[in-house]
>>> print(open('query_15.pdb').read())   # PDB, C-alpha atoms
ATOM      1  CA  MET A   5      27.760  30.504 -11.504  1.00  0.00           C
ATOM      2  CA  ASN A   6      30.250  29.375  -8.859  1.00  0.00           C
ATOM      3  CA  LYS A   7      29.902  30.374  -5.204  1.00  0.00           C
ATOM      4  CA  SER A   8      32.580  33.104  -5.142  1.00  0.00           C
ATOM      5  CA  LEU A   9      31.220  34.736  -8.308  1.00  0.00           C
ATOM      6  CA  LYS A  10      27.706  34.687  -6.854  1.00  0.00           C
ATOM      7  CA  ILE A  11      28.910  36.360  -3.669  1.00  0.00           C
ATOM      8  CA  ILE A  12      30.673  39.075  -5.682  1.00  0.00           C
ATOM      9  CA  THR A  13      27.525  39.510  -7.792  1.00  0.00           C
ATOM     10  CA  ILE A  14      25.305  39.945  -4.731  1.00  0.00           C
ATOM     11  CA  LEU A  15      27.732  42.323  -2.986  1.00  0.00           C
ATOM     12  CA  THR A  16      28.122  44.413  -6.131  1.00  0.00           C
ATOM     13  CA  SER A  17      24.337  44.521  -6.487  1.00  0.00           C
ATOM     14  CA  ILE A  18      23.920  45.786  -2.933  1.00  0.00           C
ATOM     15  CA  VAL A  19      26.596  48.447  -3.448  1.00  0.00           C
ATOM     16  CA  ILE A  20      24.959  49.629  -6.680  1.00  0.00           C
ATOM     17  CA  ALA A  21      21.533  49.718  -5.038  1.00  0.00           C
ATOM     18  CA  LEU A  22      22.870  51.782  -2.126  1.00  0.00           C
ATOM     19  CA  PHE A  23      24.629  54.154  -4.520  1.00  0.00           C
ATOM     20  CA  LEU A  24      21.461  54.694  -6.534  1.00  0.00           C
ATOM     21  CA  LEU A  25      19.370  55.125  -3.385  1.00  0.00           C
ATOM     22  CA  LEU A  26      21.659  57.821  -1.986  1.00  0.00           C
ATOM     23  CA  SER A  27      21.871  59.415  -5.433  1.00  0.00           C
ATOM     24  CA  ALA A  28      18.072  59.668  -5.465  1.00  0.00           C
ATOM     25  CA  VAL A  29      18.232  61.475  -2.116  1.00  0.00           C
ATOM     26  CA  LYS A  30      20.840  63.936  -3.410  1.00  0.00           C
ATOM     27  CA  ILE A  31      18.939  64.540  -6.651  1.00  0.00           C
ATOM     28  CA  THR A  32      15.781  65.289  -4.686  1.00  0.00           C
ATOM     29  CA  LEU A  33      17.595  67.676  -2.335  1.00  0.00           C
ATOM     30  CA  ASN A  34      18.929  69.671  -5.270  1.00  0.00           C
ATOM     31  CA  PHE A  35      15.755  69.499  -7.375  1.00  0.00           C
ATOM     32  CA  ARG A  36      14.603  72.994  -6.508  1.00  0.00           C
ATOM     33  CA  PRO A  37      11.689  73.079  -9.008  1.00  0.00           C
ATOM     34  CA  LEU A  38       9.803  70.751  -6.645  1.00  0.00           C
ATOM     35  CA  TYR A  39       9.868  73.405  -3.921  1.00  0.00           C
ATOM     36  CA  TYR A  40       9.141  76.202  -6.365  1.00  0.00           C
ATOM     37  CA  PHE A  41       6.047  74.266  -7.419  1.00  0.00           C
ATOM     38  CA  ASP A  42       5.022  73.634  -3.819  1.00  0.00           C
ATOM     39  CA  VAL A  43       5.252  77.330  -2.958  1.00  0.00           C
ATOM     40  CA  ASN A  44       2.167  77.773  -5.103  1.00  0.00           C
ATOM     41  CA  TYR A  45       0.578  74.351  -4.655  1.00  0.00           C
ATOM     42  CA  LEU A  46       0.780  74.409  -0.847  1.00  0.00           C
ATOM     43  CA  LYS A  47      -0.036  78.142  -0.701  1.00  0.00           C
ATOM     44  CA  ILE A  48       3.078  78.870   1.354  1.00  0.00           C
ATOM     45  CA  SER A  49       2.877  82.586   0.580  1.00  0.00           C
ATOM     46  CA  GLU A  50      -0.580  82.762   2.118  1.00  0.00           C
ATOM     47  CA  THR A  51       0.334  80.837   5.262  1.00  0.00           C
ATOM     48  CA  THR A  52       3.560  82.771   5.890  1.00  0.00           C
ATOM     49  CA  GLN A  53       2.447  86.199   4.666  1.00  0.00           C
ATOM     50  CA  MET A  54       5.624  86.379   2.578  1.00  0.00           C
ATOM     51  CA  ASN A  55       5.916  86.932  -1.151  1.00  0.00           C
ATOM     52  CA  LYS A  56       7.131  84.116  -3.370  1.00  0.00           C
ATOM     53  CA  SER A  57      10.474  85.710  -4.271  1.00  0.00           C
ATOM     54  CA  GLU A  58      11.372  86.160  -0.595  1.00  0.00           C
ATOM     55  CA  ILE A  59      10.403  82.560   0.211  1.00  0.00           C
ATOM     56  CA  ILE A  60      12.495  81.190  -2.656  1.00  0.00           C
ATOM     57  CA  GLU A  61      15.443  83.412  -1.723  1.00  0.00           C
ATOM     58  CA  ASN A  62      15.555  81.993   1.820  1.00  0.00           C
ATOM     59  CA  TYR A  63      15.039  78.429   0.576  1.00  0.00           C
ATOM     60  CA  ASP A  64      17.864  78.746  -1.965  1.00  0.00           C
ATOM     61  CA  VAL A  65      20.229  80.000   0.730  1.00  0.00           C
ATOM     62  CA  LEU A  66      19.418  76.917   2.822  1.00  0.00           C
ATOM     63  CA  ILE A  67      20.010  74.501  -0.064  1.00  0.00           C
ATOM     64  CA  ASP A  68      23.258  76.265  -0.971  1.00  0.00           C
ATOM     65  CA  TYR A  69      24.396  75.947   2.641  1.00  0.00           C
ATOM     66  CA  LEU A  70      23.754  72.187   2.666  1.00  0.00           C
ATOM     67  CA  SER A  71      26.196  71.681  -0.208  1.00  0.00           C
ATOM     68  CA  THR A  72      29.420  69.911   0.746  1.00  0.00           C
ATOM     69  CA  PHE A  73      31.400  72.497  -1.193  1.00  0.00           C
ATOM     70  CA  ASN A  74      29.919  75.473   0.656  1.00  0.00           C
ATOM     71  CA  ASP A  75      31.880  76.478   3.749  1.00  0.00           C
ATOM     72  CA  LYS A  76      29.992  79.694   4.446  1.00  0.00           C
ATOM     73  CA  PRO A  77      27.848  79.955   7.597  1.00  0.00           C
ATOM     74  CA  LEU A  78      24.093  79.826   7.253  1.00  0.00           C
ATOM     75  CA  GLU A  79      22.466  83.247   7.295  1.00  0.00           C
ATOM     76  CA  PHE A  80      18.941  83.677   6.028  1.00  0.00           C
ATOM     77  CA  PRO A  81      18.406  86.905   4.059  1.00  0.00           C
ATOM     78  CA  THR A  82      15.194  87.945   5.811  1.00  0.00           C
ATOM     79  CA  LEU A  83      14.604  85.432   8.614  1.00  0.00           C
ATOM     80  CA  PRO A  84      15.966  85.147  12.167  1.00  0.00           C
ATOM     81  CA  MET A  85      17.449  81.886  13.420  1.00  0.00           C
ATOM     82  CA  SER A  86      17.922  80.533  16.934  1.00  0.00           C
ATOM     83  CA  GLU A  87      21.026  78.733  18.191  1.00  0.00           C
ATOM     84  CA  LYS A  88      19.106  75.445  18.230  1.00  0.00           C
ATOM     85  CA  GLY A  89      18.058  76.055  14.649  1.00  0.00           C
ATOM     86  CA  ARG A  90      21.648  76.712  13.627  1.00  0.00           C
ATOM     87  CA  ILE A  91      22.816  73.504  15.322  1.00  0.00           C
ATOM     88  CA  HIS A  92      20.086  71.481  13.627  1.00  0.00           C
ATOM     89  CA  PHE A  93      21.027  72.703  10.182  1.00  0.00           C
ATOM     90  CA  GLU A  94      24.678  71.960  10.948  1.00  0.00           C
ATOM     91  CA  ASP A  95      23.607  68.400  11.796  1.00  0.00           C
ATOM     92  CA  VAL A  96      21.666  68.170   8.530  1.00  0.00           C
ATOM     93  CA  LYS A  97      24.665  69.449   6.587  1.00  0.00           C
ATOM     94  CA  ASN A  98      26.954  66.888   8.253  1.00  0.00           C
ATOM     95  CA  ILE A  99      24.576  64.115   7.208  1.00  0.00           C
ATOM     96  CA  PHE A 100      24.683  65.223   3.583  1.00  0.00           C
ATOM     97  CA  ILE A 101      28.475  65.517   3.710  1.00  0.00           C
ATOM     98  CA  LYS A 102      28.648  61.913   4.945  1.00  0.00           C
ATOM     99  CA  ILE A 103      26.285  60.894   2.135  1.00  0.00           C
ATOM    100  CA  ASP A 104      28.669  62.481  -0.376  1.00  0.00           C
ATOM    101  CA  TYR A 105      31.581  60.513   1.074  1.00  0.00           C
ATOM    102  CA  PHE A 106      29.545  57.312   0.927  1.00  0.00           C
ATOM    103  CA  LEU A 107      28.624  58.070  -2.682  1.00  0.00           C
ATOM    104  CA  VAL A 108      32.279  58.355  -3.681  1.00  0.00           C
ATOM    105  CA  VAL A 109      33.182  55.066  -1.965  1.00  0.00           C
ATOM    106  CA  LEU A 110      30.116  53.280  -3.348  1.00  0.00           C
ATOM    107  CA  LEU A 111      30.798  54.585  -6.849  1.00  0.00           C
ATOM    108  CA  LEU A 112      34.374  53.290  -6.781  1.00  0.00           C
ATOM    109  CA  LEU A 113      33.263  49.894  -5.453  1.00  0.00           C
ATOM    110  CA  SER A 114      30.493  49.745  -8.057  1.00  0.00           C
ATOM    111  CA  ILE A 115      32.923  50.464 -10.902  1.00  0.00           C
ATOM    112  CA  ILE A 116      35.332  47.794  -9.662  1.00  0.00           C
ATOM    113  CA  GLY A 117      32.541  45.239  -9.264  1.00  0.00           C
ATOM    114  CA  ILE A 118      30.954  46.020 -12.643  1.00  0.00           C
ATOM    115  CA  PHE A 119      34.312  45.852 -14.421  1.00  0.00           C
ATOM    116  CA  TYR A 120      35.076  42.465 -12.858  1.00  0.00           C
ATOM    117  CA  LEU A 121      31.642  41.010 -13.612  1.00  0.00           C
ATOM    118  CA  PHE A 122      31.682  42.260 -17.191  1.00  0.00           C
ATOM    119  CA  LYS A 123      35.004  40.487 -17.689  1.00  0.00           C
ATOM    120  CA  LYS A 124      33.289  37.338 -16.432  1.00  0.00           C
ATOM    121  CA  LYS A 125      30.321  38.059 -18.732  1.00  0.00           C
ATOM    122  CA  GLU A 126      28.078  37.959 -15.689  1.00  0.00           C
ATOM    123  CA  TYR A 127      25.197  40.441 -15.955  1.00  0.00           C
ATOM    124  CA  GLN A 128      22.808  39.227 -13.289  1.00  0.00           C
ATOM    125  CA  PHE A 129      23.994  41.958 -10.930  1.00  0.00           C
ATOM    126  CA  PHE A 130      21.774  44.329 -12.925  1.00  0.00           C
ATOM    127  CA  GLN A 131      18.753  42.201 -12.091  1.00  0.00           C
ATOM    128  CA  TYR A 132      19.697  41.799  -8.423  1.00  0.00           C
ATOM    129  CA  SER A 133      20.244  45.550  -8.072  1.00  0.00           C
ATOM    130  CA  SER A 134      16.855  46.141  -9.693  1.00  0.00           C
ATOM    131  CA  PHE A 135      15.170  43.820  -7.197  1.00  0.00           C
ATOM    132  CA  PHE A 136      16.872  45.485  -4.231  1.00  0.00           C
ATOM    133  CA  LEU A 137      15.847  48.947  -5.412  1.00  0.00           C
ATOM    134  CA  LEU A 138      12.307  47.910  -6.311  1.00  0.00           C
ATOM    135  CA  GLY A 139      11.875  46.448  -2.834  1.00  0.00           C
ATOM    136  CA  ILE A 140      12.665  49.799  -1.225  1.00  0.00           C
ATOM    137  CA  PRO A 141       9.668  51.691  -2.697  1.00  0.00           C
ATOM    138  CA  VAL A 142       7.367  48.802  -1.842  1.00  0.00           C
ATOM    139  CA  LEU A 143       8.564  48.712   1.778  1.00  0.00           C
ATOM    140  CA  LEU A 144       8.453  52.494   2.208  1.00  0.00           C
ATOM    141  CA  PHE A 145       5.427  53.471   0.192  1.00  0.00           C
ATOM    142  CA  ILE A 146       2.907  51.551   2.322  1.00  0.00           C
ATOM    143  CA  PRO A 147       3.839  53.109   5.724  1.00  0.00           C
ATOM    144  CA  LEU A 148       4.106  56.547   4.089  1.00  0.00           C
ATOM    145  CA  LEU A 149       0.554  56.206   2.833  1.00  0.00           C
ATOM    146  CA  ILE A 150      -0.765  54.847   6.123  1.00  0.00           C
ATOM    147  CA  ASN A 151       0.803  57.432   8.453  1.00  0.00           C
ATOM    148  CA  PHE A 152       3.355  59.857   7.026  1.00  0.00           C
ATOM    149  CA  ASN A 153       3.497  61.861  10.275  1.00  0.00           C
ATOM    150  CA  ALA A 154       4.564  58.809  12.277  1.00  0.00           C
ATOM    151  CA  VAL A 155       7.219  57.855   9.708  1.00  0.00           C
ATOM    152  CA  PHE A 156       8.436  61.470   9.573  1.00  0.00           C
ATOM    153  CA  THR A 157       8.784  61.647  13.357  1.00  0.00           C
ATOM    154  CA  LEU A 158      10.462  58.237  13.594  1.00  0.00           C
ATOM    155  CA  PHE A 159      12.985  59.219  10.923  1.00  0.00           C
ATOM    156  CA  HIS A 160      13.997  62.352  12.840  1.00  0.00           C
ATOM    157  CA  ASN A 161      14.211  60.525  16.159  1.00  0.00           C
ATOM    158  CA  ILE A 162      16.568  57.964  14.618  1.00  0.00           C
ATOM    159  CA  THR A 163      18.631  60.418  12.580  1.00  0.00           C
ATOM    160  CA  PHE A 164      19.251  63.239  15.060  1.00  0.00           C
ATOM    161  CA  ARG A 165      20.842  63.132  18.500  1.00  0.00           C
ATOM    162  CA  ASN A 166      18.561  65.860  19.910  1.00  0.00           C
ATOM    163  CA  ASP A 167      15.093  67.339  19.478  1.00  0.00           C
ATOM    164  CA  TYR A 168      16.256  70.565  17.854  1.00  0.00           C
ATOM    165  CA  TRP A 169      14.363  69.564  14.710  1.00  0.00           C
ATOM    166  CA  LEU A 170      11.183  70.486  16.614  1.00  0.00           C
ATOM    167  CA  PHE A 171      11.315  74.112  15.536  1.00  0.00           C
ATOM    168  CA  ASN A 172       9.566  76.970  17.262  1.00  0.00           C
ATOM    169  CA  PRO A 173       8.066  79.157  14.504  1.00  0.00           C
ATOM    170  CA  GLU A 174       8.561  82.210  16.710  1.00  0.00           C
ATOM    171  CA  THR A 175      12.344  81.829  16.872  1.00  0.00           C
ATOM    172  CA  ASP A 176      12.861  79.849  13.634  1.00  0.00           C
ATOM    173  CA  PRO A 177      10.256  80.970  11.096  1.00  0.00           C
ATOM    174  CA  ILE A 178      12.076  78.986   8.376  1.00  0.00           C
ATOM    175  CA  ILE A 179       9.975  76.014   9.502  1.00  0.00           C
ATOM    176  CA  THR A 180       6.855  77.756   8.239  1.00  0.00           C
ATOM    177  CA  LEU A 181       8.454  77.782   4.777  1.00  0.00           C
ATOM    178  CA  LEU A 182       8.966  74.010   4.948  1.00  0.00           C
ATOM    179  CA  PRO A 183       5.555  72.422   5.530  1.00  0.00           C
ATOM    180  CA  GLN A 184       5.434  68.704   6.203  1.00  0.00           C
ATOM    181  CA  ARG A 185       3.593  68.078   2.934  1.00  0.00           C
ATOM    182  CA  PHE A 186       6.670  69.349   1.083  1.00  0.00           C
ATOM    183  CA  PHE A 187       8.750  66.641   2.766  1.00  0.00           C
ATOM    184  CA  MET A 188       6.092  64.112   1.803  1.00  0.00           C
ATOM    185  CA  HIS A 189       6.380  65.251  -1.812  1.00  0.00           C
ATOM    186  CA  SER A 190      10.166  64.943  -1.535  1.00  0.00           C
ATOM    187  CA  ALA A 191       9.818  61.389  -0.224  1.00  0.00           C
ATOM    188  CA  LEU A 192       7.505  60.533  -3.112  1.00  0.00           C
ATOM    189  CA  LEU A 193      10.022  61.985  -5.580  1.00  0.00           C
ATOM    190  CA  ILE A 194      12.756  59.794  -4.080  1.00  0.00           C
ATOM    191  CA  LEU A 195      10.521  56.747  -4.488  1.00  0.00           C
ATOM    192  CA  ILE A 196       9.752  57.687  -8.097  1.00  0.00           C
ATOM    193  CA  ILE A 197      13.455  58.093  -8.915  1.00  0.00           C
ATOM    194  CA  ILE A 198      14.270  54.770  -7.254  1.00  0.00           C
ATOM    195  CA  THR A 199      11.517  53.031  -9.217  1.00  0.00           C
ATOM    196  CA  ILE A 200      12.802  54.466 -12.502  1.00  0.00           C
ATOM    197  CA  GLU A 201      16.341  53.368 -11.624  1.00  0.00           C
ATOM    198  CA  SER A 202      15.058  49.889 -10.833  1.00  0.00           C
ATOM    199  CA  PHE A 203      13.306  49.503 -14.174  1.00  0.00           C
ATOM    200  CA  LEU A 204      16.381  50.870 -15.963  1.00  0.00           C
ATOM    201  CA  LEU A 205      18.588  48.259 -14.273  1.00  0.00           C
ATOM    202  CA  ASN A 206      16.187  45.517 -15.304  1.00  0.00           C
ATOM    203  CA  PHE A 207      16.285  46.817 -18.879  1.00  0.00           C
ATOM    204  CA  LEU A 208      20.094  46.776 -18.864  1.00  0.00           C
ATOM    205  CA  TYR A 209      20.078  43.208 -17.572  1.00  0.00           C
ATOM    206  CA  ARG A 210      17.856  42.040 -20.398  1.00  0.00           C
ATOM    207  CA  TYR A 211      19.833  44.035 -22.963  1.00  0.00           C
ATOM    208  CA  PHE A 212      23.252  42.639 -22.038  1.00  0.00           C
ATOM    209  CA  LEU A 213      21.896  39.127 -21.512  1.00  0.00           C
ATOM    210  CA  ASN A 214      20.293  39.088 -24.960  1.00  0.00           C
ATOM    211  CA  LYS A 215      23.445  40.556 -26.463  1.00  0.00           C
ATOM    212  CA  TYR A 216      25.533  37.810 -24.869  1.00  0.00           C
ATOM    213  CA  ILE A 217      23.129  35.072 -25.989  1.00  0.00           C
ATOM    214  CA  ASN A 218      23.120  36.395 -29.546  1.00  0.00           C
ATOM    215  CA  SER A 219      26.918  36.546 -29.619  1.00  0.00           C
ATOM    216  CA  THR A 220      27.254  32.926 -28.476  1.00  0.00           C
ATOM    217  CA  THR A 221      24.655  31.560 -30.901  1.00  0.00           C
ATOM    218  CA  SER A 222      25.755  33.454 -34.007  1.00  0.00           C
TER
END
>>> encode(input="query_15.pdb", output="structure tokens")
Amino acid sequence: MNKSLKIITILTSIVIALFLLLSAVKITLNFRPLYYFDVNYLKISETTQMNKSEIIENYDVLIDYLSTFNDKPLEFPTLPMSEKGRIHFEDVKNIFIKIDYFLVVLLLLSIIGIFYLFKKKEYQFFQYSSFFLLGIPVLLFIPLLINFNAVFTLFHNITFRNDYWLFNPETDPIITLLPQRFFMHSALLILIIITIESFLLNFLYRYFLNKYINSTTS
């Protein structure tokens, strides 16, 4: 492999890895069965004194609001919301909108890179992408296990420009519907998806490499 082809291979691998990482985040956000399960598993009804249908109704409204294609203001069916709470959820929505834009750009770059490398019969980008993705769970899983609270707090301090994510349950009771353990489960789901994607990429690398070898030796 010459130097320019190797550079293109590495860059394409990074782009694919980033696309799959952000895709895992979006899949997790929209995977509502995880929350529906946690309503029972984390006993959210008992801690909030709300019935399950009411909890799910408010949660669904929040997830619908975070969609890029939803331009309606956030209004919880049965819960009040402070101005700080509204601003925080606007910030969260803006982050997910930016993720969607990044996904489109990364997808286009990935398609271009894959098309070029396939023409060159260069398949190692699958393996590189697999390594990049597999490294993410390894790097994240250890600190999550050691101290999830610290990682959770650090993430919010880096991501948001204010401290409005520190909800007051009196003025923003939605926070009682979103226990920290739910976010931990969401993080674990992201890591699981990333790991599956990594193994799938490695499988594709071996598949196309063997196919190429067989075609050249037959």
>>> residues_near_point(input="query_15.pdb", point="(10.8, 92.1, 6.2)", cutoff="10 Å", atoms="only C-alpha atoms", output="list in words")
Met54, Glu58, Pro81, Thr82 and Leu83 of chain A
>>> atom_distance(input="query_15.pdb", atom1="CA of Leu70 (chain A)", atom2="CA of Phe35 (chain A)")
13.1 Å
>>> residues_near_point(input="query_15.pdb", point="(6.1, 59.1, -6.4)", cutoff="12 Å", atoms="all atoms listed in the file", output="ChimeraX atom specification")
/A:32,141-142,144-146,148-149,188-200
>>> atom_distance(input="query_15.pdb", atom1="CA of Asp75 (chain A)", atom2="CA of Leu22 (chain A)")
26.9 Å
>>> resolve_selection(input="query_15.pdb", expression="the PyMOL selection byres ((chain A and resi 156-170) around 10)", output="short mmCIF file (atom, residue, chain, number, x, y, z; two decimals) with C-alpha atoms, in the frame of the given file")
data_model
loop_
_atom_site.label_atom_id
_atom_site.label_comp_id
_atom_site.auth_asym_id
_atom_site.auth_seq_id
_atom_site.Cartn_x
_atom_site.Cartn_y
_atom_site.Cartn_z
CA GLU A 87 21.03 78.73 18.19
CA LYS A 88 19.11 75.44 18.23
CA GLY A 89 18.06 76.06 14.65
CA ARG A 90 21.65 76.71 13.63
CA ILE A 91 22.82 73.50 15.32
CA HIS A 92 20.09 71.48 13.63
CA PHE A 93 21.03 72.70 10.18
CA ASP A 95 23.61 68.40 11.80
CA VAL A 96 21.67 68.17 8.53
CA ILE A 99 24.58 64.11 7.21
CA LEU A 148 4.11 56.55 4.09
CA ASN A 151 0.80 57.43 8.45
CA PHE A 152 3.36 59.86 7.03
CA ASN A 153 3.50 61.86 10.28
CA ALA A 154 4.56 58.81 12.28
CA VAL A 155 7.22 57.86 9.71
CA PHE A 171 11.32 74.11 15.54
CA ASN A 172 9.57 76.97 17.26
CA PRO A 173 8.07 79.16 14.50
CA ASP A 176 12.86 79.85 13.63
CA ILE A 179 9.98 76.01 9.50
CA GLN A 184 5.43 68.70 6.20
CA PHE A 187 8.75 66.64 2.77
CA MET A 188 6.09 64.11 1.80
CA ALA A 191 9.82 61.39 -0.22
#
>>> atom_distance(input="query_15.pdb", atom1="CA of Val65 (chain A)", atom2="CA of Ala28 (chain A)")
21.4 Å
>>> closest_residue(input="query_15.pdb", among="A:Leu25, A:Val19, A:Ile14, A:Leu78", to="Ile115 (chain A)", atoms="only C-alpha atoms")
A:Val19
>>> axis_aligned_box(input="query_15.pdb", around="region 48-52 of chain A", padding_each_side="5 Å", output="JSON")
{"center_x": 1.5, "center_y": 80.8, "center_z": 3.2, "size_x": 14.1, "size_y": 13.9, "size_z": 15.3}
>>> closest_residue(input="query_15.pdb", among="A:Ile48, A:Met85, A:Ile103, A:Ile118", to="Thr13 (chain A)", atoms="all atoms listed in the file")
A:Ile118
>>> closest_residue(input="query_15.pdb", among="A:Ile150, A:Ile20, A:Leu66, A:Leu46", to="Leu111 (chain A)", atoms="all atoms listed in the file")
A:Ile20
>>> resolve_selection(input="query_15.pdb", expression="the PyMOL selection byres ((chain A and resi 208) around 12)", output="JSON, numbers by chain")
{"A": [127, 128, 129, 130, 131, 132, 133, 134, 201, 202, 203, 204, 205, 206, 207, 209, 210, 211, 212, 213, 214, 215]}
>>> closest_residue(input="query_15.pdb", among="A:Leu137, A:Lys76, A:Glu61, A:Lys10", to="Leu121 (chain A)", atoms="all atoms listed in the file")
A:Lys10
